[in-house]
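Novice: Below is a structure I'd like to ask you about.
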Amino acid sequence: MALNTEIAEKDTPDQTPFKDLEKRTIFKNLSVFDTDYIPDEIFVRREFQPVVRFYFDCLKFVLQQALVIIGPTGSGKTLAARYYGREALQYAAKRGISLKIVYINSREIASPYVFWQEILRNFDLVTPKGLSISDLVQRFIEVSRGARHVVIILDEVEKLFTTLGHDKANNILYILSRLRSNHNLETAISMILVSNNAHLVDSLESPVRSSLNVQTLAIGSYSPDELTGILENRAGKGLKENTWNPGILRCVAAKTVQFNSDARFAIRLLKNAALGVESEGREMITQEAVNKAFIATKTEIERDLLARLGTSQLMVLAAISRAAQGQKDRLIKVGQVYKNIYRSFCESQGRKPLVYSQFLSIVSGLQNYDLVNNFVERRRTGGFIRLLEINFAPESLKITS
Ligand SMILES: Nc1ncnc2c1ncn2[C@@H]1O[C@H](COP(=O)(O)OP(=O)(O)O)[C@@H](O)[C@H]1O
Ligand SMILES: [Mg+2]
């Protein structure tokens, strides 16, 4: 008899295991804090105007063009390219213009073949095995004919250069830029190249640059006020009322600027502070909660970043962090890391060490991720010495295989 009552009670909606959370959660919507979430309305930066103009020229004048957007991590590059792309699609649909937007993150591209496969996948085409690259290009030309304009967003494009090498990456861009004239296409094929490397345009060979008709947009990091504007939007959508106030968002923005001015960091910090408050059964996000969440968010972001690096970058970084752990001095001598640590470390991992010039270019690449600062100092005895300092906790990096 007692058993029956228990079952009956569990069946009533009030007895669900979620009841407590339902009452306690201070979130209205957790997904607005996701990295890939594209808001309905963004905080408009004046710097984004060339992106608006780019899409407008695509739609109105079928102008084939390339826009290079460069700027530090978390400055809204990806968001601007995707958000205005979505707006352009809506505008095109209303006016019966056939526009296709292809989004590719270069991190996923391991070879030129995969690149063309990815492009076709954006058209919902699965490529059967056994095709050559030129078959894939041919298929792309065919599907493109169906649109008036194809815009290819190539995100984190510096990775295309590091993974495929200079020649192959240039070759892909060259093929794309010449498709229209070489194949009598009426479709225009435009590109948005997104990168955190300020020198990206230098990697483009001159034939590519001239046939792409490149325009560059450099955007800077967000100011505390701008970050507050972005946070207001997320807080409004994601958090219940009376759990936050404008002052707390300013505090999150100020903390973020202390670290790296990355909007992604600001959004995560707000989310983590809210989760902290929620787990303590309280409702109002306080400055103390933000301070507490700061360290955890920093570690989280660093871990994410490491997951995005390639093996050669990780090997160099591991050698640098060993050097940092083995010395008290904040400044690390790059030449010594190479000679004394890096080479033997590679061998112990069964990998061929890079030559010194390649090692140096990886070190400067790590600077693009804000992982290290790398600079040259004049020796008292004459000549120069290359030094670096690290911006992460060396013990957070462990290579196990
Ligand atoms: N102007 C903005 N308005 C609203 N959200 C923004 C804005 N700029 C950046 N964000 C958000 O901040 C995060 C980082 O932006 P993102 O475009 O990915 O930076 P980047 O590509 O420059 O590294 C994303 O979650 C994005 O949605
Ligand atoms: Mg991005």
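All residue names refer to the structure tokens as shown: chains lettered A, B, ... in order, residues numbered from 1 in each chain, ligands numbered from 1 in order.
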Check every protein, DNA and RNA residue against ligand 1, keep those with an atom at most 10 Å away (counting only C-alpha atoms and all ligand atoms), and present them as a ChimeraX atom specification.
Specialist: /A:32-48,69-83,155-156,194-196,219-222,226-227,229-234,262-268
Novice: Quick one: residues within 9 Å of Val290 in chain A, only C-alpha atoms counted, chain neighbours fewer than 5 positions away excluded, as a PyMOL selection string?
Specialist: chain A and resi 248+251-252+255+269-270+272-274+276+285
Novice: Residues near Ser106 in chain A, anyone? I mean within 8 Å using only C-alpha atoms, not counting same-chain ones fewer than 5 positions away, as a list in words.
Specialist: Leu154, Asp155, Glu156, Val157, Glu158, Lys159 and Leu160 of chain A
Novice: If you run DSSP on this backbone, which residues of range 79-279 of chain A come out as alpha helix (DSSP H), and could you give them as a ChimeraX atom specification?
Specialist: /A:79-94,112-122,133-144,158-164,166-182,200-203,206-212,224-238,246-259,263-279
Novice: Step one, run DSSP on the backbone; step two, keep only residues of range 76-258 of chain A assigned to strand (DSSP E); then write them as a list in words.
Specialist: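 For range 76-258 of chain A, the strand (DSSP E) set is Leu99, Lys100, Ile101, Val102, Tyr103, Ile104, Asn105, His149, Val150, Val151, Ile152, Ile153, Leu154, Asp155, Ala188, Ile189, Ser190, Met191, Ile192, Leu193, Val194, Ser195, Val214, Gln215, Thr216, Leu217 and Ala218 of chain A.
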Novice: Can I get the selected residues back with N, CA and C atoms, as a short mmCIF file (atom, residue, chain, number, x, y, z; two decimals), in the first residue's frame?
Specialist:
data_model
loop_
_atom_site.label_atom_id
_atom_site.label_comp_id
_atom_site.auth_asym_id
_atom_site.auth_seq_id
_atom_site.Cartn_x
_atom_site.Cartn_y
_atom_site.Cartn_z
N LEU A 99 20.93 34.50 -53.29
CA LEU A 99 22.22 34.68 -52.65
C LEU A 99 22.54 33.42 -51.87
N LYS A 100 23.79 32.98 -51.96
CA LYS A 100 24.20 31.81 -51.17
C LYS A 100 25.37 32.22 -50.29
N ILE A 101 25.28 31.90 -49.02
CA ILE A 101 26.41 32.19 -48.14
C ILE A 101 27.01 30.89 -47.63
N VAL A 102 28.30 30.77 -47.82
CA VAL A 102 29.02 29.57 -47.40
C VAL A 102 29.90 29.98 -46.23
N TYR A 103 29.83 29.23 -45.13
CA TYR A 103 30.70 29.54 -43.99
C TYR A 103 31.67 28.39 -43.76
N ILE A 104 32.94 28.71 -43.75
CA ILE A 104 33.95 27.68 -43.50
C ILE A 104 34.89 28.14 -42.40
N ASN A 105 35.08 27.32 -41.39
CA ASN A 105 36.11 27.63 -40.41
C ASN A 105 37.38 26.89 -40.81
N HIS A 149 24.81 35.33 -56.56
CA HIS A 149 26.03 35.67 -55.85
C HIS A 149 26.33 34.62 -54.78
N VAL A 150 27.55 34.16 -54.74
CA VAL A 150 27.97 33.27 -53.66
C VAL A 150 28.99 34.04 -52.81
N VAL A 151 28.73 34.10 -51.51
CA VAL A 151 29.70 34.74 -50.62
C VAL A 151 30.31 33.65 -49.74
N ILE A 152 31.62 33.54 -49.78
CA ILE A 152 32.29 32.53 -48.97
C ILE A 152 32.96 33.23 -47.78
N ILE A 153 32.52 32.89 -46.59
CA ILE A 153 33.18 33.43 -45.39
C ILE A 153 34.23 32.41 -44.97
N LEU A 154 35.47 32.83 -45.02
CA LEU A 154 36.56 31.93 -44.58
C LEU A 154 37.07 32.44 -43.24
N ASP A 155 36.66 31.76 -42.19
CA ASP A 155 36.99 32.24 -40.85
C ASP A 155 38.34 31.67 -40.39
N ALA A 188 28.66 35.81 -59.30
CA ALA A 188 29.85 36.42 -58.71
C ALA A 188 30.22 35.61 -57.47
N ILE A 189 31.50 35.42 -57.24
CA ILE A 189 31.95 34.68 -56.06
C ILE A 189 32.81 35.61 -55.21
N SER A 190 32.24 36.06 -54.11
CA SER A 190 32.95 37.00 -53.25
C SER A 190 33.41 36.29 -51.99
N MET A 191 34.35 36.93 -51.31
CA MET A 191 34.89 36.29 -50.11
C MET A 191 35.04 37.26 -48.96
N ILE A 192 34.79 36.75 -47.77
CA ILE A 192 35.18 37.50 -46.57
C ILE A 192 36.23 36.65 -45.87
N LEU A 193 37.42 37.19 -45.75
CA LEU A 193 38.49 36.45 -45.07
C LEU A 193 38.62 37.05 -43.67
N VAL A 194 38.51 36.21 -42.65
CA VAL A 194 38.53 36.71 -41.27
C VAL A 194 39.78 36.19 -40.57
N SER A 195 40.49 37.08 -39.90
CA SER A 195 41.72 36.62 -39.23
C SER A 195 42.08 37.50 -38.04
N VAL A 214 41.04 43.09 -53.16
CA VAL A 214 40.96 43.05 -51.69
C VAL A 214 40.76 44.42 -51.04
N GLN A 215 39.86 44.43 -50.09
CA GLN A 215 39.70 45.61 -49.25
C GLN A 215 39.89 45.14 -47.80
N THR A 216 40.62 45.90 -47.00
CA THR A 216 40.90 45.43 -45.64
C THR A 216 40.15 46.26 -44.60
N LEU A 217 39.59 45.56 -43.63
CA LEU A 217 38.94 46.24 -42.51
C LEU A 217 39.63 45.80 -41.23
N ALA A 218 40.27 46.75 -40.56
CA ALA A 218 40.92 46.41 -39.29
C ALA A 218 40.06 46.93 -38.15
#
